[in-house]
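The file entry_12.cif comes next; it holds mmCIF, C-alpha atoms and all ligand atoms.
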```cif
data_work
loop_
_atom_site.label_atom_id
_atom_site.label_comp_id
_atom_site.auth_asym_id
_atom_site.auth_seq_id
_atom_site.Cartn_x
_atom_site.Cartn_y
_atom_site.Cartn_z
CA MET A 876 -16.62 -24.15 -47.50
CA GLN A 877 -13.70 -25.21 -45.36
CA MET A 878 -11.41 -23.01 -47.38
CA PHE A 879 -13.66 -20.08 -46.69
CA PHE A 880 -13.41 -20.76 -42.95
CA TYR A 881 -9.59 -20.82 -43.11
CA LEU A 882 -9.65 -17.59 -45.00
CA LEU A 883 -11.81 -15.95 -42.35
CA THR A 884 -9.47 -17.16 -39.63
CA PHE A 885 -6.52 -15.78 -41.57
CA VAL A 886 -8.14 -12.38 -41.98
CA PHE A 887 -9.02 -12.27 -38.28
CA LEU A 888 -5.52 -13.26 -37.12
CA PHE A 889 -3.65 -10.86 -39.32
CA SER A 890 -5.93 -7.87 -39.31
CA GLY A 891 -3.79 -6.40 -36.52
CA GLU A 892 -6.80 -4.96 -34.76
CA ASP A 893 -7.33 -7.52 -32.03
CA PRO A 894 -8.59 -5.40 -29.12
CA VAL A 895 -6.91 -7.68 -26.58
CA ASP A 896 -3.52 -6.88 -28.07
CA GLN A 897 -4.23 -3.19 -28.31
CA TYR A 898 -4.79 -2.77 -24.61
CA SER A 899 -2.96 -5.15 -22.33
CA SER A 900 -4.99 -6.08 -19.27
CA LYS A 901 -1.88 -5.30 -17.17
CA ASP A 902 -2.49 -1.61 -17.84
CA GLN A 903 -5.85 -1.75 -16.16
CA LYS A 904 -4.91 -3.69 -13.06
CA THR A 905 -5.09 -1.90 -9.73
CA VAL A 906 -4.86 -3.18 -6.17
CA VAL A 907 -6.05 -1.44 -3.01
CA CYS A 908 -4.08 -2.36 0.08
CA PHE A 909 -5.31 -1.72 3.63
CA ILE A 910 -3.35 -1.48 6.87
CA TYR A 911 -4.64 -2.59 10.28
CA HIS A 912 -2.95 -2.82 13.67
CA ARG A 913 -5.28 -3.70 16.57
CA PHE A 914 -8.75 -5.25 16.71
CA ASP A 915 -11.37 -4.52 19.36
CA ASP A 916 -8.73 -2.98 21.61
CA SER A 917 -10.16 0.35 22.71
CA ARG A 918 -7.04 1.24 24.72
CA TYR A 919 -5.45 2.48 21.48
CA PRO A 920 -8.21 4.30 19.56
CA SER A 921 -6.02 5.66 16.74
CA THR A 922 -4.72 2.21 15.69
CA ASN A 923 -7.79 0.18 16.62
CA THR A 924 -10.49 -1.25 14.36
CA SER A 925 -13.58 -2.70 15.99
CA ALA A 926 -14.46 -6.29 15.09
CA LYS A 927 -17.82 -4.96 13.92
CA ASP A 928 -16.20 -2.55 11.44
CA PHE A 929 -13.68 -5.18 10.32
CA GLU A 930 -16.52 -7.62 9.68
CA SER A 931 -18.30 -4.98 7.57
CA HIS A 932 -15.08 -4.41 5.56
CA LEU A 933 -14.73 -8.11 4.79
CA ARG A 934 -18.43 -8.47 3.99
CA TYR A 935 -18.17 -5.55 1.56
CA LEU A 936 -15.23 -7.20 -0.23
CA ALA A 937 -17.09 -10.53 -0.41
CA GLU A 938 -20.41 -9.06 -1.57
CA ASN A 939 -18.71 -6.95 -4.23
CA HIS A 940 -16.72 -9.90 -5.57
CA PHE A 941 -13.26 -8.59 -4.78
CA GLN A 942 -10.34 -10.93 -5.25
CA VAL A 943 -8.54 -10.78 -1.88
CA LEU A 944 -4.85 -11.67 -2.04
CA SER A 945 -1.80 -11.63 0.21
CA LEU A 946 0.72 -8.92 -0.69
CA SER A 947 3.06 -11.42 -2.41
CA GLU A 948 0.16 -12.81 -4.42
CA ALA A 949 -0.83 -9.28 -5.44
CA PHE A 950 2.65 -8.66 -6.90
CA HIS A 951 2.28 -11.86 -8.89
CA TYR A 952 -1.21 -10.86 -10.07
CA LEU A 953 -0.02 -7.42 -11.26
CA ARG A 954 2.67 -8.99 -13.45
CA SER A 955 0.65 -11.93 -14.70
CA ASP A 956 -1.60 -12.23 -17.73
CA GLU A 957 -4.58 -12.97 -15.50
CA PRO A 958 -7.57 -10.78 -16.39
CA ALA A 959 -8.01 -7.55 -14.42
CA GLN A 960 -10.49 -7.73 -11.56
CA ARG A 961 -11.24 -5.79 -8.39
CA THR A 962 -8.44 -6.74 -6.02
CA ALA A 963 -7.72 -5.95 -2.39
CA VAL A 964 -4.94 -6.81 0.05
CA ILE A 965 -5.37 -6.80 3.83
CA THR A 966 -2.21 -6.19 5.84
CA ILE A 967 -1.79 -6.16 9.61
CA ASP A 968 1.29 -4.68 11.24
CA ASP A 969 3.11 -5.62 14.46
CA GLY A 970 1.41 -8.97 15.26
CA PHE A 971 -0.67 -7.91 18.26
CA ARG A 972 -2.63 -10.60 20.09
CA SER A 973 -5.86 -8.71 19.43
CA PHE A 974 -5.48 -9.70 15.76
CA TYR A 975 -5.32 -13.36 16.73
CA GLU A 976 -8.30 -13.01 19.07
CA ASN A 977 -10.61 -10.65 17.19
CA GLY A 978 -9.40 -10.29 13.59
CA LEU A 979 -8.23 -13.73 12.49
CA PRO A 980 -11.55 -15.50 13.26
CA LEU A 981 -13.31 -13.10 10.85
CA LEU A 982 -10.74 -13.66 8.09
CA LYS A 983 -11.23 -17.42 8.56
CA HIS A 984 -15.00 -17.01 8.38
CA TYR A 985 -14.70 -15.21 5.03
CA HIS A 986 -11.88 -17.49 3.80
CA MET A 987 -9.70 -14.47 3.07
CA PRO A 988 -5.91 -14.35 3.22
CA ALA A 989 -3.88 -11.44 4.63
CA THR A 990 -0.26 -10.43 5.19
CA LEU A 991 0.90 -10.04 8.79
CA PHE A 992 4.10 -8.06 9.41
CA ILE A 993 5.77 -9.16 12.64
CA ASN A 994 8.53 -7.67 14.78
CA THR A 995 10.29 -10.90 15.70
CA GLY A 996 11.93 -9.52 18.87
CA THR A 997 8.58 -9.11 20.62
CA VAL A 998 6.82 -12.34 19.58
CA GLY A 999 5.22 -13.92 22.65
CA ALA A 1000 5.82 -10.89 24.90
CA GLY A 1001 3.13 -8.65 26.43
CA ASP A 1002 0.48 -7.79 23.87
CA TYR A 1003 2.04 -9.79 21.02
CA MET A 1004 1.11 -13.09 19.39
CA SER A 1005 3.16 -16.18 20.22
CA TRP A 1006 4.96 -18.36 17.69
CA GLN A 1007 2.24 -20.99 18.17
CA GLN A 1008 -0.47 -18.42 17.37
CA LEU A 1009 1.49 -17.29 14.31
CA LYS A 1010 1.65 -20.91 13.14
CA GLU A 1011 -2.11 -21.17 13.47
CA ALA A 1012 -2.51 -17.97 11.48
CA MET A 1013 -0.28 -19.39 8.74
CA HIS A 1014 -2.59 -22.40 8.49
CA ALA A 1015 -5.41 -19.94 7.80
CA HIS A 1016 -3.49 -18.51 4.77
CA ILE A 1017 -1.88 -15.61 6.59
CA GLU A 1018 1.41 -14.64 4.96
CA ILE A 1019 4.15 -13.67 7.41
CA GLY A 1020 6.11 -10.53 6.49
CA ASN A 1021 9.26 -8.99 7.98
CA HIS A 1022 8.78 -5.85 10.10
CA THR A 1023 12.30 -5.98 11.59
CA GLU A 1024 13.48 -7.45 14.87
CA THR A 1025 12.96 -4.45 17.21
CA HIS A 1026 10.89 -1.88 15.21
CA PRO A 1027 13.20 1.13 15.62
CA TYR A 1028 13.04 4.64 14.16
CA PHE A 1029 15.77 4.13 11.54
CA LEU A 1030 15.63 7.73 10.36
CA ASN A 1031 16.68 8.88 13.85
CA GLN A 1032 19.99 7.10 13.30
CA PRO A 1033 22.80 9.00 11.60
CA SER A 1034 23.07 7.88 7.97
CA SER A 1035 26.53 6.46 8.77
CA THR A 1036 24.94 3.66 10.85
CA ARG A 1037 21.33 3.63 9.59
CA TYR A 1038 21.77 1.18 6.71
CA ALA A 1039 24.02 -1.32 8.50
CA MET A 1040 21.52 -1.33 11.34
CA LEU A 1041 18.61 -2.02 8.97
CA GLU A 1042 20.58 -4.80 7.29
CA LYS A 1043 21.21 -6.45 10.64
CA GLU A 1044 17.60 -6.00 11.82
CA ILE A 1045 16.33 -7.64 8.62
CA LYS A 1046 18.77 -10.52 8.81
CA ASP A 1047 18.08 -11.25 12.48
CA SER A 1048 14.36 -11.14 11.87
CA GLN A 1049 14.53 -13.44 8.81
CA ASN A 1050 16.62 -15.94 10.76
CA ARG A 1051 14.29 -15.95 13.73
CA THR A 1052 11.20 -16.40 11.54
CA ARG A 1053 12.86 -19.21 9.60
CA LYS A 1054 13.84 -20.93 12.84
CA ASN A 1055 10.39 -20.68 14.45
CA LEU A 1056 7.98 -20.85 11.52
CA ASP A 1057 10.04 -22.57 8.85
CA VAL A 1058 9.27 -19.86 6.25
CA THR A 1059 11.32 -17.05 4.75
CA PRO A 1060 9.27 -13.83 4.51
CA ALA A 1061 9.14 -12.43 0.96
CA VAL A 1062 7.73 -9.02 1.85
CA PHE A 1063 8.83 -6.24 4.21
CA ALA A 1064 7.10 -3.32 5.96
CA TYR A 1065 9.04 -0.24 7.09
CA PRO A 1066 8.53 0.44 10.82
CA TYR A 1067 6.30 3.56 11.18
CA GLY A 1068 6.16 3.60 7.38
CA GLU A 1069 9.42 5.58 7.38
CA PHE A 1070 12.12 5.08 4.77
CA ASP A 1071 14.62 6.87 2.57
CA GLU A 1072 16.28 5.85 -0.71
CA GLY A 1073 19.16 4.11 1.09
CA MET A 1074 16.77 2.02 3.16
CA LYS A 1075 14.90 1.00 0.02
CA SER A 1076 18.18 -0.24 -1.47
CA VAL A 1077 18.95 -2.32 1.62
CA VAL A 1078 15.49 -3.92 1.50
CA LYS A 1079 15.86 -4.69 -2.22
CA LYS A 1080 19.29 -6.19 -1.70
CA ALA A 1081 17.95 -8.40 1.10
CA GLY A 1082 15.90 -10.23 -1.55
CA PHE A 1083 12.33 -9.15 -0.75
CA VAL A 1084 9.83 -8.92 -3.61
CA GLY A 1085 8.42 -5.67 -2.23
CA ALA A 1086 8.01 -3.41 0.78
CA ALA A 1087 4.96 -1.74 2.29
CA ALA A 1088 4.98 1.91 3.28
CA GLN A 1089 2.29 3.72 5.22
CA PHE A 1090 1.10 6.59 3.05
CA SER A 1091 -2.15 6.14 1.18
CA GLY A 1092 -2.68 5.39 -2.49
CA VAL A 1093 -3.61 2.71 -5.00
CA ILE A 1094 -1.15 0.18 -6.42
CA TYR A 1095 -0.89 -0.33 -10.18
CA GLU A 1096 1.61 -1.88 -12.59
CA ALA A 1097 4.08 1.04 -12.46
CA THR A 1098 4.00 1.46 -8.66
CA ASP A 1099 7.44 1.19 -7.06
CA ARG A 1100 7.21 -2.19 -5.33
CA PHE A 1101 9.48 -0.97 -2.54
CA GLU A 1102 7.11 1.89 -1.65
CA ILE A 1103 3.73 0.19 -1.56
CA PRO A 1104 0.97 2.57 -0.45
CA ARG A 1105 -1.66 1.37 2.03
CA PHE A 1106 -4.90 2.97 3.19
CA PRO A 1107 -5.23 3.11 6.98
CA VAL A 1108 -8.62 1.83 8.16
CA ALA A 1109 -8.28 2.29 11.92
CA GLY A 1110 -9.57 4.95 14.31
CA THR A 1111 -11.77 7.50 12.57
CA PHE A 1112 -10.96 5.88 9.19
CA SER A 1113 -12.49 2.53 10.13
CA ASP A 1114 -16.12 3.35 9.44
CA PRO A 1115 -17.66 1.32 6.61
CA ALA A 1116 -18.32 4.35 4.38
CA ASN A 1117 -14.63 5.30 4.39
CA PHE A 1118 -13.64 1.71 3.66
CA THR A 1119 -15.99 1.52 0.67
CA GLU A 1120 -14.67 4.79 -0.73
CA LYS A 1121 -11.06 3.56 -0.47
CA ALA A 1122 -11.87 0.10 -1.87
CA MET A 1123 -13.21 1.74 -5.05
CA MET A 1124 -10.35 4.28 -5.33
CA LYS A 1125 -8.31 4.50 -8.56
CA PRO A 1126 -4.67 5.54 -8.82
CA LEU A 1127 -3.67 8.98 -10.03
CA LYS A 1128 -0.80 7.91 -12.30
CA ILE A 1129 1.99 10.41 -11.77
CA THR A 1130 4.42 10.68 -14.67
CA ARG A 1131 6.87 13.16 -13.11
CA GLN A 1132 7.43 14.34 -9.57
CA SER A 1133 9.75 16.82 -7.88
CA PRO A 1134 11.21 16.29 -5.35
CA GLU A 1135 11.09 12.49 -5.08
CA ASN A 1136 12.45 12.26 -1.54
CA THR A 1137 10.43 12.00 1.64
CA LEU A 1138 12.87 13.60 4.09
CA LEU A 1139 12.22 17.28 4.79
CA SER A 1140 15.35 19.39 4.42
CA ALA A 1141 16.28 21.41 7.48
CA GLY A 1142 14.46 24.74 7.49
CA ASP A 1143 11.99 23.66 4.80
CA LEU A 1144 8.81 24.58 6.66
CA ARG A 1145 6.39 24.57 3.72
CA PRO A 1146 7.82 22.17 1.13
CA LYS A 1147 6.73 22.52 -2.46
CA LEU A 1148 5.70 19.39 -4.42
CA THR A 1149 5.26 19.34 -8.19
CA LEU A 1150 3.35 16.49 -9.83
CA SER A 1151 2.61 15.84 -13.50
CA PHE A 1152 0.06 13.44 -14.99
CA PHE A 1153 -2.00 12.97 -18.13
CA ALA A 1154 -5.40 14.64 -18.15
CA ASP A 1155 -7.06 11.66 -19.92
CA ASP A 1156 -10.69 11.69 -18.80
CA LEU A 1157 -10.00 13.43 -15.49
CA GLN A 1158 -12.07 16.45 -14.44
CA ILE A 1159 -9.13 18.69 -13.59
CA ASP A 1160 -11.36 21.57 -12.45
CA GLN A 1161 -12.58 19.25 -9.66
CA LEU A 1162 -9.05 18.48 -8.37
CA GLN A 1163 -8.70 18.67 -4.60
CA CYS A 1164 -5.68 18.66 -2.37
CA PHE A 1165 -5.39 17.94 1.33
CA ILE A 1166 -2.58 18.55 3.77
CA GLN A 1167 -2.70 17.30 7.33
CA GLY A 1168 -2.67 20.12 9.81
CA GLY A 1169 -3.05 22.90 7.25
CA ASP A 1170 -4.51 24.28 4.07
CA CYS A 1171 -3.17 23.44 0.64
CA GLU A 1172 -2.09 26.08 -1.86
CA LYS A 1173 -2.32 24.68 -5.38
CA GLU A 1174 -1.40 25.88 -8.82
CA ILE A 1175 -2.46 23.96 -11.92
CA THR A 1176 -1.03 24.34 -15.41
CA ALA A 1177 -1.81 22.34 -18.52
CA ASN A 1178 0.56 21.68 -21.41
CA GLY A 1179 -1.28 19.75 -24.09
CA LYS A 1180 -2.48 16.54 -22.47
CA GLU A 1181 -0.12 16.86 -19.51
CA VAL A 1182 -1.24 18.54 -16.32
CA THR A 1183 1.19 19.86 -13.73
CA VAL A 1184 0.09 20.72 -10.23
CA THR A 1185 2.24 22.42 -7.63
CA LEU A 1186 1.23 21.96 -4.00
CA ARG A 1187 2.39 23.76 -0.93
CA SER A 1188 1.14 23.89 2.64
CA SER A 1189 -0.09 27.32 3.70
CA SER A 1190 1.38 26.72 7.15
CA ASP A 1191 4.50 25.29 8.76
CA ILE A 1192 4.42 21.46 8.67
CA SER A 1193 7.81 20.95 10.31
CA SER A 1194 6.33 20.56 13.78
CA ARG A 1195 4.85 17.20 12.71
CA ARG A 1196 6.95 14.06 12.27
CA ARG A 1197 4.99 12.84 9.23
CA THR A 1198 2.76 14.84 6.88
CA LEU A 1199 0.91 13.73 3.77
CA TYR A 1200 0.19 15.87 0.74
CA THR A 1201 -2.78 14.23 -1.00
CA VAL A 1202 -4.32 14.95 -4.40
CA THR A 1203 -7.67 13.53 -5.50
CA VAL A 1204 -9.43 14.09 -8.79
CA PRO A 1205 -12.59 12.53 -10.27
CA ASP A 1206 -12.82 11.18 -13.81
CA LYS A 1207 -15.76 11.73 -16.10
CA ALA A 1208 -17.39 8.49 -14.92
CA GLY A 1209 -17.31 9.84 -11.34
CA ALA A 1210 -14.56 7.55 -9.99
CA TRP A 1211 -11.94 9.26 -7.81
CA HIS A 1212 -8.19 8.97 -8.39
CA TRP A 1213 -5.73 9.38 -5.51
CA TYR A 1214 -2.05 10.18 -4.96
CA SER A 1215 -0.20 10.96 -1.74
CA HIS A 1216 3.30 12.07 -0.98
CA LEU A 1217 4.82 11.55 2.47
CA TRP A 1218 7.09 14.09 4.12
CA ILE A 1219 9.09 13.09 7.18
CA ASN A 1220 10.80 15.48 9.57
CA ASN A 1221 13.20 13.13 11.34
CA HIS A 1222 14.19 15.84 13.81
CA GLN A 1223 10.70 15.65 15.31
CA LYS A 1224 9.65 13.02 17.81
ZN ZN B 1301 4.75 -1.35 13.02
#
```
Using structure tokens, write down the structure that the file contains.
Amino acid sequence: MQMFFYLLTFVFLFSGEDPVDQYSSKDQKTVVCFIYHRFDDSRYPSTNTSAKDFESHLRYLAENHFQVLSLSEAFHYLRSDEPAQRTAVITIDDGFRSFYENGLPLLKHYHMPATLFINTGTVGAGDYMSWQQLKEAMHAHIEIGNHTETHPYFLNQPSSTRYAMLEKEIKDSQNRTRKNLDVTPAVFAYPYGEFDEGMKSVVKKAGFVGAAAQFSGVIYEATDRFEIPRFPVAGTFSDPANFTEKAMMKPLKITRQSPENTLLSAGDLRPKLTLSFFADDLQIDQLQCFIQGGDCEKEITANGKEVTVTLRSSSDISSRRRTLYTVTVPDKAGAWHWYSHLWINNHQK
């Protein structure tokens, strides 16, 4: 009898068809990351989220059994062997006092962590949280991230000085945070969500585990950790229905893209973007594209299982500083998949 049991075990172990091995749970892991700035501060409608809306966001995450992590924890989760589960990250940029007054109490109530990116040069001044308030936030499981010392527009600097300036801003900010809070931030957020390849290299070299951008999208295992997408949930995007839609969003996994860069070349008024991805169970005929400030011209071709879509704005986008090209497509189960590409015209204010 016992021999029979061993034999069964042997057959099971060596059959080579263990479903867990066939499909690593890492492949299925996704993380939605949200970006907030101000809370219940109606002076700045486009970057404000009301406490009422924020409360409804947190309640939604709690009621739908999301795992809520800090950004550093999310990087760890994506690489770990932990089972896949619905996961969200809440990030807050700039360290405004309205977060301390109207946002932090709600996070504490729901026992949820978040990542707060601070500009160390303005801590304690005007509208910004003090070091003491930041310490209190840390006790409530708020991770402190680096958002530079003075929050400049790096892309307005000539490339000859841009990278040295970023390096210095990062170093000064790390030192000041270490001195005042006794922690060394492990994550970075680009001021205004603006970056180029050189800036990414500087951030990597500075030893961060990842960096948050400000275009929208869903994080998955293959996402570039130094270009982390985040969904804005302020202003008109803060209503609960929009939050729910973004919380359930899936990534559109791009396999090839041209061009890769974000900076608009001079005179390129209607840049063309080509994206390729696998059709899998996506309903390609339902694909939509959106371009801020204009209509989207799209052309779709299929080559076996690979789909290539070329997007182009029907109007001049160069009058805007930042423009997103966004593609969404539903799968056969009805879930939407999202990808955005950011264009920056650094000659615009
Ligand atoms: Zn900022």
Compute the set of protein, DNA and RNA residues whose minimum atom distance to ligand ZN 1301 (chain B) is at most 9 Å, using only C-alpha atoms and all ligand atoms, and state it as number ranges by chain. A: 912, 967-970, 992-994, 1022-1023, 1026, 1064-1068
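With all atoms listed in the file as the atoms that count, the residue of A:Met1074, A:Val964, A:Leu1199, A:Val907 with the shortest distance to Thr1036 (chain A) is A:Met1074.
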I want to know what sits within 12 Å of Gly1209 (chain A), based on only C-alpha atoms, with residues of the same chain fewer than 4 positions away left out; could you give that as a list in words?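 These residues fall inside the cut-off: Met1123, Met1124, Lys1125, Asp1156, Leu1157, Gln1158, Gln1161, Thr1203, Val1204 and Pro1205 of chain A.
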Selected residue of minimal separation from Ser973 (chain A) among A:Ser925, A:Thr1025, A:Thr1149, A:Ser931, counting all atoms listed in the file: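 Closest candidate: A:Ser925.
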Contact residues around region 935-952 of chain A with all atoms listed in the file at 8 Å, ignoring same-chain residues under 5 positions, as a ChimeraX atom specification: /A:906,957,960-966,985,987-990,1017-1018,1061-1062,1084-1085,1119
Which residues come within 8 Å of Leu1148 (chain A), counting only C-alpha atoms, excluding same-chain residues fewer than 3 positions away, as a PDB file with C-alpha atoms, keeping the file's coordinate frame?
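Generated file (part20.pdb):
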```pdb
ATOM      1  CA  GLN A1132       7.430  14.340  -9.570  1.00  0.00           C
ATOM      2  CA  SER A1133       9.750  16.820  -7.880  1.00  0.00           C
ATOM      3  CA  PRO A1134      11.210  16.290  -5.350  1.00  0.00           C
ATOM      4  CA  THR A1185       2.240  22.420  -7.630  1.00  0.00           C
ATOM      5  CA  LEU A1186       1.230  21.960  -4.000  1.00  0.00           C
ATOM      6  CA  ARG A1187       2.390  23.760  -0.930  1.00  0.00           C
TER       7      ARG A1187
END
```
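What separates CA of Met1040 (chain A) from CA of Ala1081 (chain A) is a distance of 12.9 Å.
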Between A:Lys1080, A:His1222, A:Lys904, A:Arg1145, which one has atoms that come closest to Ser955 (chain A), using all atoms listed in the file?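 Ranked by minimum distance to Ser955 (chain A), first place goes to A:Lys904.
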Of the residues A:Val1108, A:Leu991, A:Ile910, A:Ala1000, which is the one nearest to Gln1089 (chain A), using only C-alpha atoms? A:Ile910
When distances are computed from all atoms listed in the file, which of A:Ile1192, A:Ile1159, A:Ala1086, A:Leu982 shows the smallest separation from Lys1180 (chain A)?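 Checking each candidate against Lys1180 (chain A), we get A:Ile1159 as the closest.
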Got a sec to check which residues sit within 12 Å of (19.2, 3.9, -0.6), counting only C-alpha atoms, and write them as a PyMOL selection string? chain A and resi 1034+1037-1039+1041-1042+1070-1080+1101+1136
Using Å and a single decimal, report how far CA of Thr1201 (chain A) sits from CA of Cys1164 (chain A).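 Pair CA of Cys1164 (chain A) / CA of Thr1201 (chain A) returns 5.5 Å.
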So how far away is CA of Tyr1095 (chain A) from CA of Met1013 (chain A), in Å? 26.9 Å
Would you pick out the contacts of Arg1195 (chain A) at 12 Å or less, using only C-alpha atoms, so that residues sharing its chain but fewer than 2 positions from it are not included, and give the list as a VMD selection string? chain A and resid 1139 1144 to 1145 1166 to 1169 1190 to 1193 1197 to 1199 1217 to 1224
Nearest to Asn1021 (chain A): which of A:Gly1001, A:Pro920, A:Gly996, A:Pro1060 is it, counting all atoms listed in the file?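 Of all the options, A:Pro1060 lies closest to Asn1021 (chain A).
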Near-His984 (chain A) list (10 Å; only C-alpha atoms; drop same-chain fewer than 4 positions) as number ranges by chain: A: 930, 933, 979-980
